[in-house]
file target_36.cif (mmCIF, C-alpha atoms)
data_data
loop_
_atom_site.label_atom_id
_atom_site.label_comp_id
_atom_site.auth_asym_id
_atom_site.auth_seq_id
_atom_site.Cartn_x
_atom_site.Cartn_y
_atom_site.Cartn_z
CA MET A 1 116.69 121.29 102.44
CA ARG A 2 118.28 122.51 105.68
CA PRO A 3 117.89 120.27 108.72
CA ARG A 4 115.51 121.78 111.22
CA ARG A 5 115.11 121.36 114.93
CA PRO A 6 113.12 118.18 115.51
CA ALA A 7 109.69 118.44 117.04
CA PRO A 8 108.48 115.93 119.64
CA PRO A 9 106.85 112.77 118.30
CA PRO A 10 103.06 112.60 118.27
CA PRO A 11 101.18 110.61 120.91
CA ALA A 12 100.80 106.89 120.43
CA SER A 13 97.06 107.31 120.00
CA PHE A 14 97.68 109.31 116.83
CA CYS A 15 99.94 106.66 115.37
CA SER A 16 97.46 103.94 116.24
CA LYS A 17 94.79 105.68 114.17
CA TYR A 18 96.66 107.17 111.22
CA ALA A 19 99.36 105.90 108.92
CA SER A 20 102.13 108.11 108.35
CA ARG A 21 105.07 107.14 100.96
CA ARG A 22 107.38 106.60 97.51
CA SER A 23 106.56 110.11 99.04
CA VAL A 24 104.75 109.57 102.31
CA LEU A 25 106.64 106.37 102.71
CA ALA A 26 109.44 107.94 100.81
CA HIS A 27 108.87 111.15 102.64
CA GLY A 28 109.25 109.34 105.83
CA LEU A 29 106.30 107.70 107.48
CA ALA A 30 108.76 108.80 110.04
CA PHE A 31 106.68 109.71 113.02
CA CYS A 32 104.75 106.44 113.17
CA THR A 33 107.40 103.98 112.00
CA VAL A 34 110.46 105.19 113.87
CA PRO A 35 110.18 105.51 117.66
CA GLY A 36 111.34 108.95 118.75
CA ALA A 37 111.71 110.24 115.20
CA ALA A 38 110.56 113.75 114.38
CA PRO A 39 107.38 114.27 112.39
CA LEU A 40 107.62 114.92 108.69
CA ALA A 41 107.10 118.65 109.19
CA ALA A 42 110.46 118.84 110.95
CA GLN A 43 112.35 115.92 109.44
CA GLY A 44 111.29 116.13 105.82
CA PHE A 45 112.31 113.26 103.58
CA ALA A 46 115.05 111.96 105.87
CA GLY A 47 112.92 109.49 107.82
CA LEU A 48 113.81 106.69 105.43
CA GLY A 49 117.46 107.14 106.32
CA THR A 50 116.89 106.26 109.97
CA GLU A 51 118.31 103.05 111.38
CA ALA A 52 115.98 100.05 111.04
CA SER A 53 117.09 97.37 113.51
CA GLY A 54 114.82 94.37 113.67
CA TYR A 55 113.32 94.78 110.21
CA ALA A 56 114.24 92.69 107.19
CA ALA A 57 116.96 94.02 104.88
CA PRO A 58 116.78 93.74 101.08
CA ASP A 59 118.93 91.05 99.52
CA ARG A 60 119.68 89.99 95.95
CA SER A 61 117.61 86.82 95.89
CA PRO A 62 115.48 86.32 92.76
CA LEU A 63 112.02 87.84 92.87
CA VAL A 64 109.21 85.28 92.64
CA PHE A 65 105.86 86.12 91.05
CA PRO A 66 103.04 86.28 91.87
CA ARG A 67 104.26 85.93 95.45
CA ASP A 68 106.17 89.22 95.39
CA HIS A 69 103.14 91.13 94.10
CA GLY A 70 101.85 90.74 97.66
CA ALA A 71 102.88 92.40 100.91
CA HIS A 72 106.24 91.96 102.64
CA PRO A 73 105.38 92.72 106.29
CA ALA A 74 108.88 92.00 107.61
CA PHE A 75 110.05 95.18 105.82
CA ARG A 76 109.26 98.58 107.26
CA ILE A 77 107.81 100.23 104.14
CA GLU A 78 106.22 99.22 100.86
CA TRP A 79 104.05 100.62 98.06
CA TRP A 80 101.95 99.75 95.00
CA TYR A 81 102.19 102.89 92.86
CA LEU A 82 100.27 103.51 89.64
CA THR A 83 100.47 106.57 87.38
CA ALA A 84 98.76 107.03 84.02
CA ASN A 85 99.25 109.51 81.17
CA LEU A 86 95.84 109.90 79.55
CA THR A 87 94.18 111.95 76.81
CA ASP A 88 90.54 112.75 76.11
CA ALA A 89 88.76 113.03 72.74
CA ALA A 90 90.07 116.57 72.31
CA GLY A 91 93.68 115.45 72.84
CA ARG A 92 93.99 117.15 76.24
CA ASP A 93 96.78 115.78 78.46
CA LEU A 94 95.51 114.33 81.75
CA GLY A 95 97.06 112.37 84.60
CA LEU A 96 95.91 109.77 87.11
CA GLN A 97 97.53 108.45 90.29
CA TRP A 98 96.56 105.56 92.59
CA THR A 99 98.89 104.52 95.40
CA LEU A 100 98.68 102.14 98.33
CA PHE A 101 101.33 102.39 101.06
CA ARG A 102 102.04 99.92 103.85
CA SER A 103 104.16 100.70 106.88
CA ALA A 104 105.12 98.57 109.88
CA LEU A 105 104.87 100.23 113.28
CA ARG A 106 107.48 97.89 114.76
CA PRO A 107 109.68 94.98 113.67
CA PRO A 108 107.95 91.61 113.29
CA ASP A 109 107.78 89.20 116.22
CA PRO A 110 107.53 85.69 114.73
CA GLY A 111 106.53 84.23 118.11
CA ALA A 112 103.69 86.63 118.78
CA ALA A 113 100.09 85.51 118.35
CA GLU A 114 98.50 88.84 117.50
CA ALA A 115 94.82 89.65 117.48
CA SER A 116 93.58 91.65 114.50
CA TRP A 117 93.87 95.03 116.24
CA GLN A 118 97.42 94.21 117.34
CA VAL A 119 98.76 93.62 113.82
CA PRO A 120 101.56 96.25 113.51
CA GLN A 121 100.71 97.41 109.97
CA ILE A 122 99.18 100.69 108.86
CA TRP A 123 97.97 101.63 105.38
CA LEU A 124 97.57 104.85 103.44
CA ALA A 125 96.10 105.37 99.97
CA HIS A 126 96.41 108.37 97.65
CA ALA A 127 94.31 109.09 94.56
CA ALA A 128 94.63 112.05 92.20
CA VAL A 129 93.57 113.40 88.82
CA THR A 130 95.50 116.16 87.03
CA THR A 131 94.24 118.34 84.18
CA PRO A 132 95.95 121.41 82.70
CA GLU A 133 93.65 123.57 84.83
CA ARG A 134 93.33 121.71 88.14
CA HIS A 135 94.82 119.05 90.39
CA LEU A 136 92.44 117.00 92.55
CA ALA A 137 93.72 114.69 95.28
CA ALA A 138 92.39 112.63 98.18
CA GLU A 139 93.70 110.19 100.79
CA ARG A 140 92.44 107.35 102.98
CA PHE A 141 93.92 105.72 106.11
CA ALA A 142 93.44 102.23 107.55
CA ARG A 143 94.63 99.91 110.29
CA GLY A 144 96.06 96.54 109.40
CA GLY A 145 94.58 93.25 110.50
CA VAL A 146 90.88 94.07 110.06
CA GLY A 147 90.44 93.65 106.30
CA GLN A 148 89.89 97.34 105.56
CA ALA A 149 93.05 97.43 103.44
CA GLY A 150 95.42 94.86 102.02
CA VAL A 151 96.91 93.05 99.05
CA ARG A 152 96.40 89.57 97.61
CA PRO A 153 99.04 88.43 95.08
CA ALA A 154 96.83 86.21 92.85
CA PRO A 155 94.26 86.89 91.61
CA PHE A 156 95.82 90.25 92.31
CA ALA A 157 93.90 92.71 94.47
CA ALA A 158 95.07 95.80 96.36
CA TRP A 159 92.50 97.87 98.20
CA LEU A 160 91.67 100.36 100.91
CA ASP A 161 87.91 100.59 101.44
CA GLU A 162 86.36 100.77 97.96
CA TRP A 163 89.52 102.16 96.34
CA ARG A 164 91.01 99.26 94.41
CA LEU A 165 93.58 98.03 91.94
CA ALA A 166 92.47 94.53 91.06
CA ALA A 167 92.35 91.77 88.47
CA PRO A 168 89.02 90.54 87.05
CA GLY A 169 87.42 88.13 89.49
CA ALA A 170 89.76 89.05 92.35
CA ASP A 171 88.51 88.49 95.88
CA LEU A 172 87.88 91.95 97.32
CA PRO A 173 86.72 91.46 100.92
CA PRO A 174 84.13 93.57 102.71
CA ARG A 175 85.37 96.03 105.31
CA ALA A 176 84.95 93.41 108.03
CA PRO A 177 86.02 89.91 106.97
CA THR A 178 84.05 86.92 108.19
CA PRO A 179 85.48 85.06 111.21
CA GLY A 180 88.31 82.74 110.26
CA THR A 181 89.03 84.40 106.93
CA PRO A 182 92.83 84.60 106.40
CA LEU A 183 93.98 88.17 105.94
CA ALA A 184 96.30 89.35 103.16
CA ASP A 185 96.97 92.79 104.53
CA GLY A 186 100.58 92.48 105.68
CA SER A 187 99.74 90.55 108.86
CA GLY A 188 101.71 87.56 107.61
CA ARG A 189 98.57 85.46 107.15
CA ALA A 190 98.13 85.76 103.37
CA ALA A 191 95.49 83.43 101.97
CA THR A 192 97.48 82.93 98.75
CA ALA A 193 100.98 82.33 100.06
CA SER A 194 103.34 81.02 97.41
CA SER A 195 104.43 77.41 97.50
CA ALA A 196 107.44 78.11 95.33
CA PRO A 197 110.78 77.03 96.80
CA PRO A 198 113.24 79.70 97.97
CA GLY A 199 115.27 81.10 95.11
CA ALA A 200 112.69 80.34 92.42
CA THR A 201 112.63 82.78 89.53
CA SER A 202 109.19 82.09 88.10
CA THR A 203 106.85 84.82 86.90
CA GLY A 204 103.62 82.97 86.22
CA ALA A 205 100.23 83.44 87.81
CA ALA A 206 100.83 80.37 90.00
CA ASP A 207 104.59 80.65 90.55
CA ASP A 208 105.03 78.37 87.55
CA PRO A 209 108.59 78.30 86.14
CA GLY A 210 107.14 77.52 82.72
CA THR A 211 105.38 80.87 82.32
CA THR A 212 107.02 84.03 81.11
CA GLY A 213 105.41 86.93 82.97
CA THR A 214 104.68 88.72 79.68
CA SER A 215 101.19 89.71 78.58
CA GLY A 216 98.90 86.76 79.27
CA GLY A 217 101.12 85.14 81.90
CA ASP A 218 101.28 87.36 84.99
CA ALA A 219 98.82 88.24 87.75
CA LEU A 220 99.22 91.96 86.96
CA ASP A 221 98.45 91.66 83.24
CA ARG A 222 94.81 92.81 83.39
CA LEU A 223 93.69 95.15 86.16
CA THR A 224 91.08 97.76 86.89
CA VAL A 225 91.90 100.83 88.98
CA ALA A 226 89.11 102.74 90.67
CA ALA A 227 88.74 105.44 93.31
CA SER A 228 86.20 108.06 94.27
CA ALA A 229 86.42 111.28 96.26
CA GLU A 230 84.26 114.32 96.87
CA ASP A 231 85.18 116.08 93.63
CA PHE A 232 86.49 113.33 91.34
CA ALA A 233 86.41 109.62 90.58
CA TYR A 234 87.83 107.24 88.01
CA ASP A 235 87.39 103.71 86.71
CA VAL A 236 90.09 102.66 84.23
CA ALA A 237 90.98 99.28 82.70
CA LEU A 238 94.67 98.37 82.36
CA THR A 239 96.07 95.80 79.92
CA ALA A 240 99.78 94.92 79.94
CA GLU A 241 101.39 94.88 76.49
CA GLY A 242 104.88 93.95 77.66
CA PRO A 243 106.69 92.14 80.49
CA LEU A 244 107.49 93.05 84.06
CA VAL A 245 110.76 94.97 84.38
CA LEU A 246 113.24 94.47 87.23
CA GLN A 247 114.79 97.78 88.22
CA GLY A 248 118.43 98.15 89.24
CA GLU A 249 120.40 94.92 89.47
CA ALA A 250 117.71 92.28 88.84
CA GLY A 251 115.30 94.07 91.15
CA TYR A 252 117.87 95.28 93.70
CA SER A 253 117.89 99.09 93.49
CA VAL A 254 120.82 100.90 95.15
CA LYS A 255 120.01 104.31 96.61
CA SER A 256 123.29 105.66 98.05
CA PRO A 257 127.09 105.27 97.98
CA GLU A 258 126.81 103.48 101.34
CA GLY A 259 124.66 100.82 99.71
CA GLN A 260 121.17 101.53 101.02
CA ALA A 261 118.76 99.74 98.71
CA SER A 262 115.24 98.54 98.00
CA ARG A 263 113.61 95.75 96.01
CA TYR A 264 112.02 97.41 92.99
CA TYR A 265 110.22 96.23 89.87
CA SER A 266 107.69 97.76 87.46
CA GLN A 267 105.00 97.03 84.92
CA PRO A 268 105.50 100.01 82.55
CA PHE A 269 103.57 98.66 79.55
CA TYR A 270 99.92 99.20 80.43
CA ARG A 271 97.41 100.37 77.86
CA ALA A 272 94.73 102.32 79.75
CA GLU A 273 91.10 102.99 78.84
CA GLY A 274 88.26 104.22 81.02
CA VAL A 275 86.39 107.17 82.48
CA LEU A 276 87.34 110.12 84.69
CA ARG A 277 84.48 111.72 86.59
CA LEU A 278 85.23 115.41 87.16
CA PRO A 279 83.08 118.35 88.27
CA GLU A 280 82.45 119.23 84.63
CA GLY A 281 81.23 115.69 83.82
CA ASP A 282 82.43 112.26 82.72
CA ILE A 283 85.42 112.13 80.37
CA ALA A 284 86.37 109.07 78.31
CA VAL A 285 90.16 108.61 78.30
CA THR A 286 92.85 106.42 76.79
CA GLY A 287 96.60 106.31 77.33
CA ARG A 288 99.54 104.59 79.01
CA ALA A 289 100.08 103.59 82.63
CA TRP A 290 103.02 102.50 84.78
CA LEU A 291 102.94 100.46 88.00
CA ASP A 292 105.85 100.54 90.44
CA ARG A 293 106.39 98.03 93.25
CA GLU A 294 108.97 98.75 95.91
CA TRP A 295 109.78 97.74 99.48
CA SER A 296 112.63 98.24 101.94
CA SER A 297 113.39 99.09 105.54
CA GLN A 298 116.12 101.74 105.23
CA PRO A 299 116.46 102.77 101.56
CA LEU A 300 118.12 106.14 102.10
CA ALA A 301 121.29 107.50 103.66
CA ASP A 302 120.72 109.77 106.65
CA THR A 303 121.90 112.84 104.69
CA GLN A 304 119.48 112.39 101.79
CA ASP A 305 116.65 114.93 102.03
CA GLY A 306 114.41 114.31 99.03
CA TRP A 307 114.14 112.94 95.55
CA ASP A 308 113.14 113.73 91.99
CA TRP A 309 111.78 110.71 90.09
CA ILE A 310 110.66 110.26 86.49
CA SER A 311 108.91 107.57 84.46
CA LEU A 312 108.84 108.29 80.73
CA HIS A 313 106.87 106.74 77.86
CA LEU A 314 108.81 107.67 74.71
CA ASP A 315 107.17 107.69 71.29
CA THR A 316 109.75 105.17 70.04
CA GLY A 317 108.25 102.58 72.41
CA GLU A 318 111.18 102.92 74.82
CA LYS A 319 110.66 103.64 78.52
CA LEU A 320 112.92 105.37 81.02
CA MET A 321 112.88 105.30 84.81
CA GLY A 322 115.25 107.59 86.65
CA PHE A 323 115.72 109.28 90.00
CA ARG A 324 117.95 111.82 91.67
CA LEU A 325 118.35 111.64 95.45
CA ARG A 326 119.32 115.03 96.82
CA ASP A 327 121.94 115.01 99.57
CA ARG A 328 122.87 117.86 101.91
CA ALA A 329 126.39 116.45 102.35
CA ARG A 330 127.42 115.67 98.76
CA ALA A 331 126.34 115.56 95.12
CA PRO A 332 122.98 113.93 94.32
CA PHE A 333 122.88 110.18 93.77
CA THR A 334 121.28 109.08 90.49
CA SER A 335 120.05 105.84 88.98
CA ALA A 336 118.22 104.92 85.78
CA THR A 337 116.82 102.01 83.81
CA HIS A 338 116.36 102.21 80.04
CA ILE A 339 113.66 99.81 78.86
CA ALA A 340 113.63 98.69 75.22
CA PRO A 341 110.29 98.31 73.40
CA ASP A 342 110.48 94.53 73.94
CA GLY A 343 110.95 95.05 77.70
CA THR A 344 114.71 94.44 77.88
CA PRO A 345 116.09 96.59 80.73
CA THR A 346 119.51 98.23 80.82
CA PRO A 347 120.32 99.58 84.30
CA TYR A 348 122.61 102.57 84.86
CA SER A 349 124.35 103.37 88.12
CA ASP A 350 125.17 106.70 89.73
CA GLY A 351 126.30 109.41 87.32
CA ALA A 352 124.97 108.01 84.04
CA LEU A 353 121.71 109.99 84.23
CA THR A 354 121.68 113.77 84.62
CA LEU A 355 118.53 115.55 85.82
CA THR A 356 118.83 119.34 85.68
CA PRO A 357 116.11 121.77 86.86
CA LEU A 358 115.43 124.45 84.22
CA ARG A 359 112.53 126.43 85.69
CA THR A 360 110.71 126.61 89.01
CA ALA A 361 107.19 127.61 89.97
CA ARG A 362 105.89 128.88 93.27
CA VAL A 363 103.84 125.98 94.64
CA ALA A 364 102.37 125.86 98.15
CA GLY A 365 105.00 128.27 99.48
CA ARG A 366 107.87 126.41 97.84
CA ASP A 367 110.02 126.91 94.75
CA VAL A 368 109.49 123.62 92.92
CA PRO A 369 111.19 122.70 89.61
CA VAL A 370 108.49 122.17 86.96
CA ARG A 371 110.71 122.04 83.86
CA TRP A 372 113.66 119.64 83.67
CA ARG A 373 116.35 118.41 81.31
CA ALA A 374 116.94 114.65 81.42
CA GLU A 375 120.10 113.28 79.76
CA LEU A 376 121.13 109.65 79.34
CA PRO A 377 123.94 109.85 76.74
CA ALA A 378 124.44 106.09 76.61
CA GLN A 379 121.00 105.79 74.98
CA GLY A 380 121.06 109.06 73.03
CA ILE A 381 118.35 110.57 75.24
CA ASP A 382 118.39 114.34 75.81
CA VAL A 383 114.88 115.59 76.54
CA THR A 384 113.04 118.43 78.23
CA LEU A 385 110.21 117.59 80.62
CA SER A 386 107.47 120.19 81.17
CA ALA A 387 104.71 119.86 83.75
CA VAL A 388 101.20 119.66 82.30
CA ASN A 389 100.05 121.51 85.43
CA PRO A 390 102.80 123.20 87.48
CA GLN A 391 100.45 123.27 90.49
CA ALA A 392 100.14 119.47 90.75
CA TRP A 393 100.68 119.59 94.50
CA MET A 394 99.53 116.68 96.65
CA GLY A 395 98.44 118.84 99.58
CA LEU A 396 97.57 115.92 101.84
CA ALA A 397 98.74 114.93 105.33
CA PHE A 398 102.20 114.46 103.80
CA ALA A 399 102.68 116.80 100.89
CA TYR A 400 104.68 116.35 97.68
CA TRP A 401 104.50 117.21 93.97
CA GLU A 402 103.31 114.60 91.48
CA GLY A 403 101.95 115.06 87.99
CA PRO A 404 102.16 114.34 84.26
CA VAL A 405 104.82 115.86 82.00
CA ARG A 406 105.24 116.42 78.26
CA ILE A 407 108.51 115.33 76.63
CA GLU A 408 110.39 117.17 73.87
CA GLY A 409 113.92 116.96 72.45
CA SER A 410 115.74 113.90 71.14
CA HIS A 411 112.52 111.99 71.85
CA ALA A 412 108.87 112.95 72.26
CA GLY A 413 106.37 111.39 74.61
CA ARG A 414 104.59 111.66 77.94
CA GLY A 415 105.60 110.76 81.46
CA TYR A 416 105.27 111.37 85.18
CA LEU A 417 107.37 113.39 87.61
CA GLU A 418 107.49 113.15 91.39
CA MET A 419 109.37 115.54 93.68
CA THR A 420 109.67 115.29 97.45
CA GLY A 421 111.42 117.18 100.22
CA TYR A 422 111.20 120.75 98.91
CA ALA A 423 110.97 123.05 101.92
CA VAL A 424 108.64 125.98 102.52
CA GLU A 425 110.52 129.27 102.11
#
call {"tool": "encode", "arguments": {"input": "target_36.cif", "output": "structure tokens"}}
result
Amino acid sequence: MRPRRPAPPPPASFCSKYASRRSVLAHGLAFCTVPGAAPLAAQGFAGLGTEASGYAAPDRSPLVFPRDHGAHPAFRIEWWYLTANLTDAAGRDLGLQWTLFRSALRPPDPGAAEASWQVPQIWLAHAAVTTPERHLAAERFARGGVGQAGVRPAPFAAWLDEWRLAAPGADLPPRAPTPGTPLADGSGRAATASSAPPGATSTGAADDPGTTGTSGGDALDRLTVAASAEDFAYDVALTAEGPLVLQGEAGYSVKSPEGQASRYYSQPFYRAEGVLRLPEGDIAVTGRAWLDREWSSQPLADTQDGWDWISLHLDTGEKLMGFRLRDRARAPFTSATHIAPDGTPTPYSDGALTLTPLRTARVAGRDVPVRWRAELPAQGIDVTLSAVNPQAWMGLAFAYWEGPVRIEGSHAGRGYLEMTGYAVE
């Protein structure tokens, strides 16, 4: 992607109403989160490489659950990102996406007593369904501080309006909370704040060091994901059949040679079962799902323009997460985590994973790779990834490609591919 002349930032009234992901936030959220930054149309994916003074910086402290399932408002950007590889009774490959993004408009001010409408958090949600023939997507926006969107760590609930990712019995508030109700939407007033001491490494549903965080012991173990739009809807139950996985170095994921990083963990072991509602009717589906959790304030170097990210469910029971951050000044930066069937992660630093585009398709005026080779020699993985629907374009306020892939080669399976920062030509 060539750098283009920046356009002027939008008026403050626009930013006060709309949020600017891994793609919108990872595309930038740039025009609302970075004063004076160019809009995404001019700046592309580089907004996350802008300087982030005043915001919290990721460190290597142990993650604490369920506390860290909730929002981290001192950081500039954050997301709760679910993808699912599904099949219907005929064996047709289908895909589902549900994502909630949080972005801070300015660094936190611990001394400020902010009214609800002054809470400096904005929220954006994406929902999509992919079939071999069509890709359907929708988005929602919300202000922070008014209960319209937010996250509670336990019982876990993430929502924007009626779109939700939540545990059974979770407290999902109405659009307008009753007076005095603590908010859990990134305002710093979470009703279920953890009482665990700093540095704790627990993973239980009540920050209990005696629990394991595997199926039956974590706040994310049993969830339902639901969303509805004009031309699609879904309601799918998720059951974890393995543990949470810390990406990178115990949840500290490095993104560049300079050391930019994020906190990053996943639940890649969901069994999924539910219903997709499409124009042709209701479709019963089953399959596998993967939830990513990530937050940071400046995860990219200023020369990184976009990324290619994969999450793979291999038929051996193994999982693979990998990404390639494209850089206009040097070779791409790569990272990967191999996940054994029992959930044991093995992280790999830059250079261990190779992602090679094999074929492109013309998508929304762009040449976008829709067939890839993924190689991780250390684990004997050499596979080809092919898009179920090459036109899986998220043509929303901030556009990117995201959809299910089929896996062939040394291993078979299904997975998801995300690509950001490909320019119109």
call {"tool": "resolve_selection", "arguments": {"input": "target_36.cif", "expression": "the PyMOL selection byres ((chain A and resi 58) around 6)", "output": "list in words"}}
result
Ala57, Asp59 and Ser262 of chain A
call {"tool": "resolve_selection", "arguments": {"input": "target_36.cif", "expression": "the PyMOL selection byres ((chain A and resi 103) around 6)", "output": "ChimeraX atom specification"}}
result
/A:76-77,102,104,121-122
call {"tool": "residues_around", "arguments": {"input": "target_36.cif", "residues": "Tyr400 in chain A", "least_positions_apart": "3", "cutoff": "8 Å", "atoms": "all atoms listed in the file", "output": "VMD selection string"}}
result
chain A and resid 23 393 to 395 418 to 422
call {"tool": "resolve_selection", "arguments": {"input": "target_36.cif", "expression": "the PyMOL selection byres ((chain A and resi 406-417) around 6)", "output": "short mmCIF file (atom, residue, chain, number, x, y, z; two decimals) with C-alpha atoms, in the frame of the given file"}}
result
data_model
loop_
_atom_site.label_atom_id
_atom_site.label_comp_id
_atom_site.auth_asym_id
_atom_site.auth_seq_id
_atom_site.Cartn_x
_atom_site.Cartn_y
_atom_site.Cartn_z
CA TRP A 309 111.78 110.71 90.09
CA ILE A 310 110.66 110.26 86.49
CA SER A 311 108.91 107.57 84.46
CA LEU A 312 108.84 108.29 80.73
CA HIS A 313 106.87 106.74 77.86
CA LEU A 314 108.81 107.67 74.71
CA ASP A 315 107.17 107.69 71.29
CA ILE A 381 118.35 110.57 75.24
CA ASP A 382 118.39 114.34 75.81
CA VAL A 383 114.88 115.59 76.54
CA THR A 384 113.04 118.43 78.23
CA LEU A 385 110.21 117.59 80.62
CA SER A 386 107.47 120.19 81.17
CA GLU A 402 103.31 114.60 91.48
CA GLY A 403 101.95 115.06 87.99
CA PRO A 404 102.16 114.34 84.26
CA VAL A 405 104.82 115.86 82.00
CA GLU A 418 107.49 113.15 91.39
#
call {"tool": "atom_distance", "arguments": {"input": "target_36.cif", "atom1": "CA of Val245 in chain A", "atom2": "CA of Ala71 in chain A"}}
result
18.5 Å
call {"tool": "atom_distance", "arguments": {"input": "target_36.cif", "atom1": "CA of Tyr348 in chain A", "atom2": "CA of Thr334 in chain A"}}
result
8.7 Å
call {"tool": "closest_residue", "arguments": {"input": "target_36.cif", "among": "A:Asp367, A:Asp292, A:Asp308, A:Glu375", "to": "Tyr81 in chain A", "atoms": "all atoms listed in the file"}}
result
A:Asp292
call {"tool": "closest_residue", "arguments": {"input": "target_36.cif", "among": "A:Asp235, A:Glu258, A:Asp218, A:Glu162", "to": "Val285 in chain A", "atoms": "all atoms listed in the file"}}
result
A:Asp235
call {"tool": "closest_residue", "arguments": {"input": "target_36.cif", "among": "A:Gly70, A:Pro120, A:Gly169, A:Gly54", "to": "Pro153 in chain A", "atoms": "all atoms listed in the file"}}
result
A:Gly70
call {"tool": "atom_distance", "arguments": {"input": "target_36.cif", "atom1": "CA of Pro369 in chain A", "atom2": "CA of Ala423 in chain A"}}
result
12.3 Å
